[in-house]
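Below is the file entry-v3.txt, which contains compact mmCIF, C-alpha atoms and all ligand atoms.
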# COMPACT_ATOMS: atom_id res chain seq x y z
CA MET A 1 -2.67 12.84 3.11
CA LEU A 2 -3.50 11.00 -0.11
CA ILE A 3 -3.68 7.22 -0.44
CA ALA A 4 -3.74 5.18 -3.67
CA ILE A 5 -5.91 2.08 -3.40
CA ASP A 6 -5.27 -0.57 -6.03
CA PRO A 7 -7.85 -3.37 -6.34
CA GLY A 8 -5.83 -6.14 -8.04
CA HIS A 9 -6.84 -7.46 -11.50
CA GLY A 10 -10.16 -6.47 -13.17
CA GLY A 11 -11.88 -6.60 -16.56
CA LYS A 12 -10.27 -9.24 -18.78
CA ASP A 13 -8.04 -10.39 -15.90
CA PRO A 14 -10.11 -12.12 -13.19
CA GLY A 15 -7.13 -13.11 -11.01
CA VAL A 16 -7.85 -16.25 -8.98
CA VAL A 17 -11.07 -18.04 -9.94
CA VAL A 18 -12.71 -20.52 -7.55
CA GLY A 19 -16.11 -21.78 -8.69
CA ASN A 20 -18.19 -18.69 -9.43
CA TYR A 21 -15.97 -16.41 -7.40
CA LYS A 22 -13.38 -14.16 -9.00
CA GLU A 23 -10.54 -12.46 -7.19
CA LYS A 24 -11.08 -9.18 -9.10
CA ASP A 25 -14.56 -8.82 -7.53
CA ILE A 26 -13.44 -9.60 -3.97
CA ASN A 27 -10.50 -7.17 -4.30
CA LEU A 28 -12.78 -4.41 -5.56
CA GLY A 29 -15.29 -4.98 -2.75
CA ILE A 30 -12.60 -4.64 -0.08
CA ALA A 31 -11.06 -1.63 -1.89
CA LEU A 32 -14.35 0.30 -2.17
CA LYS A 33 -15.08 -0.31 1.51
CA LEU A 34 -11.54 0.84 2.39
CA ARG A 35 -12.08 4.03 0.39
CA GLU A 36 -15.30 4.72 2.30
CA ILE A 37 -13.59 4.21 5.68
CA LEU A 38 -10.63 6.46 4.79
CA LEU A 39 -12.85 9.23 3.41
CA ASP A 40 -14.76 9.11 6.71
CA LYS A 41 -11.46 9.75 8.47
CA ASN A 42 -10.74 12.73 6.19
CA ILE A 43 -8.01 10.90 4.29
CA SER A 44 -8.14 11.50 0.53
CA VAL A 45 -8.10 8.53 -1.82
CA VAL A 46 -7.38 7.83 -5.49
CA MET A 47 -8.44 4.49 -6.93
CA THR A 48 -6.57 2.71 -9.75
CA ARG A 49 -9.99 1.34 -10.73
CA ASN A 50 -13.43 1.67 -9.15
CA LYS A 51 -15.31 -0.74 -11.37
CA ASP A 52 -14.74 -3.98 -13.26
CA GLU A 53 -12.30 -2.79 -15.91
CA THR A 54 -8.94 -3.76 -17.35
CA VAL A 55 -6.11 -1.57 -16.07
CA ASP A 56 -2.53 -2.64 -16.77
CA LEU A 57 0.14 -2.57 -14.10
CA GLN A 58 1.99 0.47 -15.44
CA GLN A 59 -1.27 2.46 -15.64
CA ARG A 60 -1.89 1.64 -11.97
CA CYS A 61 1.55 2.98 -11.05
CA ASN A 62 1.04 6.06 -13.25
CA ILE A 63 -2.19 6.95 -11.46
CA ALA A 64 -0.44 6.88 -8.07
CA ASN A 65 2.75 8.60 -9.29
CA LYS A 66 0.92 11.39 -11.16
CA ASN A 67 -1.26 12.12 -8.13
CA LYS A 68 1.82 12.05 -5.86
CA THR A 69 0.03 9.85 -3.35
CA ASP A 70 1.71 9.34 0.02
CA TYR A 71 1.13 5.58 0.07
CA PHE A 72 0.07 2.86 -2.35
CA ILE A 73 -2.00 -0.11 -1.17
CA SER A 74 -2.61 -3.01 -3.55
CA ILE A 75 -5.29 -5.52 -2.54
CA HIS A 76 -5.21 -9.17 -3.64
CA CYS A 77 -6.30 -12.67 -2.69
CA ASN A 78 -3.94 -15.62 -2.65
CA SER A 79 -4.30 -19.17 -3.95
CA PHE A 80 -2.33 -22.40 -3.96
CA THR A 81 -2.65 -25.85 -5.51
CA VAL A 82 -3.16 -27.40 -2.06
CA PRO A 83 -6.39 -26.25 -0.35
CA SER A 84 -4.85 -26.45 3.13
CA ALA A 85 -2.62 -23.41 2.44
CA ASN A 86 -4.19 -20.43 4.21
CA GLY A 87 -3.48 -17.13 5.92
CA THR A 88 -2.44 -13.55 5.33
CA GLU A 89 0.82 -12.14 4.01
CA THR A 90 1.80 -8.59 3.11
CA TYR A 91 4.55 -7.59 0.69
CA ALA A 92 6.83 -4.57 0.56
CA TYR A 93 9.56 -3.62 -1.90
CA PRO A 94 12.99 -4.93 -0.81
CA ARG A 95 14.81 -2.44 1.46
CA SER A 96 11.88 0.01 1.56
CA LEU A 97 11.80 0.88 5.26
CA ALA A 98 8.60 2.93 5.00
CA GLY A 99 6.91 0.22 2.94
CA ARG A 100 7.97 -2.41 5.44
CA ASN A 101 6.53 -0.38 8.31
CA LEU A 102 3.15 0.00 6.64
CA ALA A 103 3.16 -3.68 5.65
CA GLN A 104 3.79 -4.68 9.26
CA TYR A 105 0.98 -2.51 10.66
CA VAL A 106 -1.53 -3.79 8.09
CA GLN A 107 -0.41 -7.40 8.49
CA ASN A 108 -0.79 -7.19 12.29
CA GLU A 109 -4.30 -5.74 12.10
CA ILE A 110 -5.65 -8.28 9.58
CA VAL A 111 -4.28 -11.21 11.59
CA GLU A 112 -5.62 -9.69 14.80
CA MET A 113 -9.11 -8.84 13.50
CA LEU A 114 -9.73 -11.84 11.26
CA LYS A 115 -7.72 -14.46 13.16
CA THR A 116 -6.04 -15.61 9.95
CA THR A 117 -2.73 -17.49 9.99
CA ASN A 118 0.15 -15.01 10.15
CA ARG A 119 2.40 -15.73 7.15
CA GLY A 120 4.31 -12.53 7.87
CA VAL A 121 5.68 -9.54 5.97
CA LYS A 122 7.65 -10.49 2.87
CA TYR A 123 9.77 -8.66 0.30
CA GLU A 124 9.24 -8.97 -3.42
CA SER A 125 9.92 -6.80 -6.48
CA PHE A 126 6.31 -6.99 -7.68
CA TYR A 127 5.68 -4.59 -10.56
CA VAL A 128 3.40 -2.22 -8.62
CA LEU A 129 5.85 -2.11 -5.69
CA LYS A 130 8.81 -1.48 -7.98
CA ARG A 131 7.31 1.16 -10.29
CA THR A 132 5.52 3.28 -7.70
CA VAL A 133 7.67 6.05 -6.23
CA MET A 134 5.95 6.19 -2.81
CA PRO A 135 6.00 3.55 -0.04
CA ALA A 136 3.87 0.71 -1.41
CA ILE A 137 2.46 -2.56 -0.12
CA LEU A 138 0.66 -5.51 -1.65
CA VAL A 139 -1.74 -7.29 0.70
CA GLU A 140 -2.53 -10.96 0.08
CA THR A 141 -5.61 -10.87 2.29
CA ALA A 142 -6.38 -14.61 2.42
CA PHE A 143 -6.47 -17.74 0.22
CA MET A 144 -9.44 -18.20 -2.09
CA SER A 145 -8.25 -21.80 -2.55
CA ASN A 146 -8.86 -22.51 1.15
CA PRO A 147 -12.58 -22.98 1.97
CA GLN A 148 -12.44 -21.28 5.40
CA ASN A 149 -10.44 -18.34 4.05
CA LEU A 150 -12.80 -18.00 1.09
CA ASP A 151 -15.74 -17.83 3.51
CA LEU A 152 -14.01 -15.00 5.38
CA LEU A 153 -13.36 -13.10 2.15
CA LEU A 154 -16.96 -13.49 1.01
CA GLN A 155 -18.62 -12.82 4.35
CA LYS A 156 -16.36 -10.21 5.94
CA PRO A 157 -14.84 -8.03 3.20
CA GLU A 158 -15.59 -4.97 5.34
CA VAL A 159 -13.49 -6.38 8.20
CA PHE A 160 -10.51 -6.78 5.86
CA ALA A 161 -11.04 -3.15 4.79
CA GLU A 162 -11.34 -2.00 8.41
CA ALA A 163 -8.13 -3.86 9.34
CA ILE A 164 -6.18 -2.25 6.49
CA ALA A 165 -7.53 1.18 7.50
CA VAL A 166 -6.65 0.70 11.18
CA GLY A 167 -3.13 -0.47 10.25
CA LEU A 168 -2.65 2.63 8.08
CA MET A 169 -4.03 4.93 10.80
CA LYS A 170 -1.66 3.48 13.39
CA LEU A 171 1.28 4.10 11.06
CA LEU A 172 0.15 7.67 10.35
CA GLN A 173 -0.24 8.44 14.05
CA GLY A 174 3.45 7.61 14.43
CA THR A 175 4.38 10.05 11.65
CA ASP A 176 5.28 13.63 12.53
CA TYR A 177 3.29 15.81 10.10
CA LYS A 178 5.33 18.94 10.91
CA GLN A 179 8.39 17.10 9.57
CA VAL A 180 6.48 15.99 6.47
CA ASP A 181 5.54 19.64 5.82
CA ASP A 182 9.10 20.83 6.43
CA ILE A 183 10.44 18.34 3.92
CA GLU A 184 7.86 19.54 1.39
CA LYS A 185 8.96 23.16 1.94
CA LEU A 186 12.63 22.28 1.33
CA GLN A 187 11.59 20.48 -1.84
CA MET A 188 9.61 23.52 -3.07
CA LYS A 189 12.62 25.76 -2.41
CA GLY A 190 14.76 23.38 -4.51
CA ILE A 191 17.10 22.53 -1.63
CA ILE A 192 16.23 18.85 -1.85
CA ASN A 193 14.87 17.18 -4.96
CA LYS A 194 12.55 14.51 -3.57
CA HIS A 195 9.85 14.18 -0.97
CA TYR A 196 11.76 12.07 1.54
CA ASP A 197 10.28 9.91 4.25
CA PRO A 198 10.91 11.74 7.56
CA LYS A 199 12.39 8.57 9.04
CA SER A 200 14.78 7.80 6.16
CA PHE A 201 18.52 8.38 6.51
CA VAL A 202 20.67 11.05 4.84
CA THR A 203 24.08 10.18 3.36
CA TRP A 204 27.08 12.51 3.63
CA GLY A 205 26.83 13.09 -0.12
CA GLU A 206 23.23 14.28 0.14
CA PHE A 207 24.04 16.33 3.24
CA ALA A 208 26.92 18.07 1.41
CA SER A 209 24.67 18.87 -1.58
CA VAL A 210 22.07 20.42 0.70
CA ILE A 211 24.64 22.57 2.50
CA ILE A 212 26.14 23.75 -0.82
CA LYS A 213 22.68 24.67 -2.14
CA ILE A 214 22.00 26.70 1.01
CA LEU A 215 25.42 28.45 0.92
CA GLU A 216 25.19 29.25 -2.79
CA GLY A 217 21.58 30.33 -2.48
CA THR A 218 22.47 32.89 0.20
CA LYS A 219 25.23 34.60 -1.82
ZN ZN A 301 -4.02 -11.15 -7.32

Would you give me this structure, written as structure tokens?
Ligand SMILES: [Zn+2]
Amino acid sequence: MLIAIDPGHGGKDPGVVVGNYKEKDINLGIALKLREILLDKNISVVMTRNKDETVDLQQRCNIANKNKTDYFISIHCNSFTVPSANGTETYAYPRSLAGRNLAQYVQNEIVEMLKTTNRGVKYESFYVLKRTVMPAILVETAFMSNPQNLDLLLQKPEVFAEAIAVGLMKLLQGTDYKQVDDIEKLQMKGIINKHYDPKSFVTWGEFASVIIKILEGTK
């Protein structure tokens, strides 16, 4: 199991700035803590950045795609012109069932552990969700523009990290690893051409192609 962690912004791009606080730093703090927690659980991690540096959006996707990570988790903070706006929301790519599942688990855990307002799981074609080939989510942890939320982000970054990790673990526990391995074997034998999510559906067209490949391969 290999997870890509993407701390939003960095280097020349600070993201949201409130007073002396920059989103890029808060995102990185949560991301590094998340990496530590996952490594402790024997889950491998690749980071799109692990220090304060400029990494463009396509580079972030390339890092995950090249490493063939199983999931992609992008970490951000929200902001709005009105300081009363607050809470947590998690994004998945439209119609990505696996992405939606992960988003829901992570969203539930953050709201549960940090008692933030539940703004729900949403769908958006954000660049890093669109250009990554694996199930991907973008977590808007809380609002830097809301004083109470900013306090949470500054004082409990490790709880945000823990919540994301627990959400991911709960999703993985529901995944049948034997099936994941079987799918990988079929892919290596050239019978299917992608690493499919075990819970995704097969069309008749794909089914026919698989049967033909098996029949022709056994001649
Ligand atoms: Zn951001």

**Item:** Best match for closeness to Tyr71 of chain A among A:Val17, A:Leu153, A:Leu28, A:Val46, counting only C-alpha atoms
**Value:** A:Val46

So that all listed atoms of segment 32-50 of chain A fit with 8 Å spare on each side, what axis-aligned box centre and edge lengths in Å, to one decimal, would you give as JSON?
{"center_x": -10.9, "center_y": 6.2, "center_z": -1.1, "size_x": 24.7, "size_y": 29.0, "size_z": 35.2}

**Request:** Report as a PyMOL selection string which protein, DNA and RNA residues come within 8 Å of ligand ZN 301 (chain A), using all atoms listed in the file.
**Result:** chain A and resi 8-9+15-16+23-24+75-78+140

**Request:** List the residues sitting within 12 Å of (-11.9, 8.6, 13.4) in the file's frame, using all atoms listed in the file, as number ranges by chain.
**Result:** A: 37-43, 162, 165-166, 169-170, 173

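When all atoms listed in the file are used to measure the gap to Gln58 of chain A, the shortest distance among A:Arg131, A:Lys194, A:Lys199, A:Lys156 belongs to A:Arg131.
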
**Fill in**
Here atom CA of Leu171 of chain A and atom CA of Ala103 of chain A stand apart by 9.7 Å

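Between atom CA of Gln107 of chain A and atom CA of Tyr123 of chain A lies a distance of 13.1 Å.
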
**Request:** Name the residues in contact with Tyr127 of chain A at a cut-off of 9 Å, using all atoms listed in the file, excluding same-chain residues fewer than 2 positions from it; report them as a ChimeraX atom specification.
**Result:** /A:57-58,61,125,129-132

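Here atom CA of Ala142 of chain A is placed at a distance of 9.6 Å from atom CA of Ile110 of chain A.
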
**Message:** So that I can check the surroundings of segment 86-99 of chain A, please list as a PyMOL selection string every protein, DNA and RNA residue that reaches within 7 Å of it, counting all atoms listed in the file and ignoring chain neighbours fewer than 6 positions away.
**Reply:** chain A and resi 107+111+116-125+129-130+135-143+146+149

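Nearest residue to Asp52 of chain A, choosing from A:Gly11, A:Pro147, A:Gly19, A:Pro83 and counting only C-alpha atoms: A:Gly11.
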
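If all atoms listed in the file are the atoms counted, then among A:Asn67, A:Gln155, A:Thr54, A:Asn62 the closest residue to Pro7 of chain A is A:Thr54.
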
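Candidate residues A:His195, A:Lys51, A:Lys213, A:Arg60 were compared for distance to Ile26 of chain A, and the nearest is A:Lys51, using all atoms listed in the file.
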
**Request:** For the point (-8.5, 3.6, -8.7) in the file's frame, write as a list in words all residues with an atom no more than 9 Å away, counting all atoms listed in the file.
**Result:** Ala4, Ile5, Asp6, Pro7, Ala31, Val45, Val46, Met47, Thr48, Arg49, Asn50, Lys51, Arg60, Ile63 and Ala64 of chain A

Skipping near chain neighbours, those fewer than 3 positions away, what residues fall within 7 Å of Ile191 of chain A using all atoms listed in the file, listed as a compact mmCIF listing (two decimals) with C-alpha atoms, keeping the file's coordinate frame?
# COMPACT_ATOMS: atom_id res chain seq x y z
CA LEU A 186 12.63 22.28 1.33
CA GLN A 187 11.59 20.48 -1.84
CA VAL A 210 22.07 20.42 0.70
CA LYS A 213 22.68 24.67 -2.14
CA ILE A 214 22.00 26.70 1.01

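Of the listed residues (A:Gln148, A:Met134, A:Phe201, A:Gly190), A:Met134 comes nearest to Asn65 of chain A; the distances count all atoms listed in the file.
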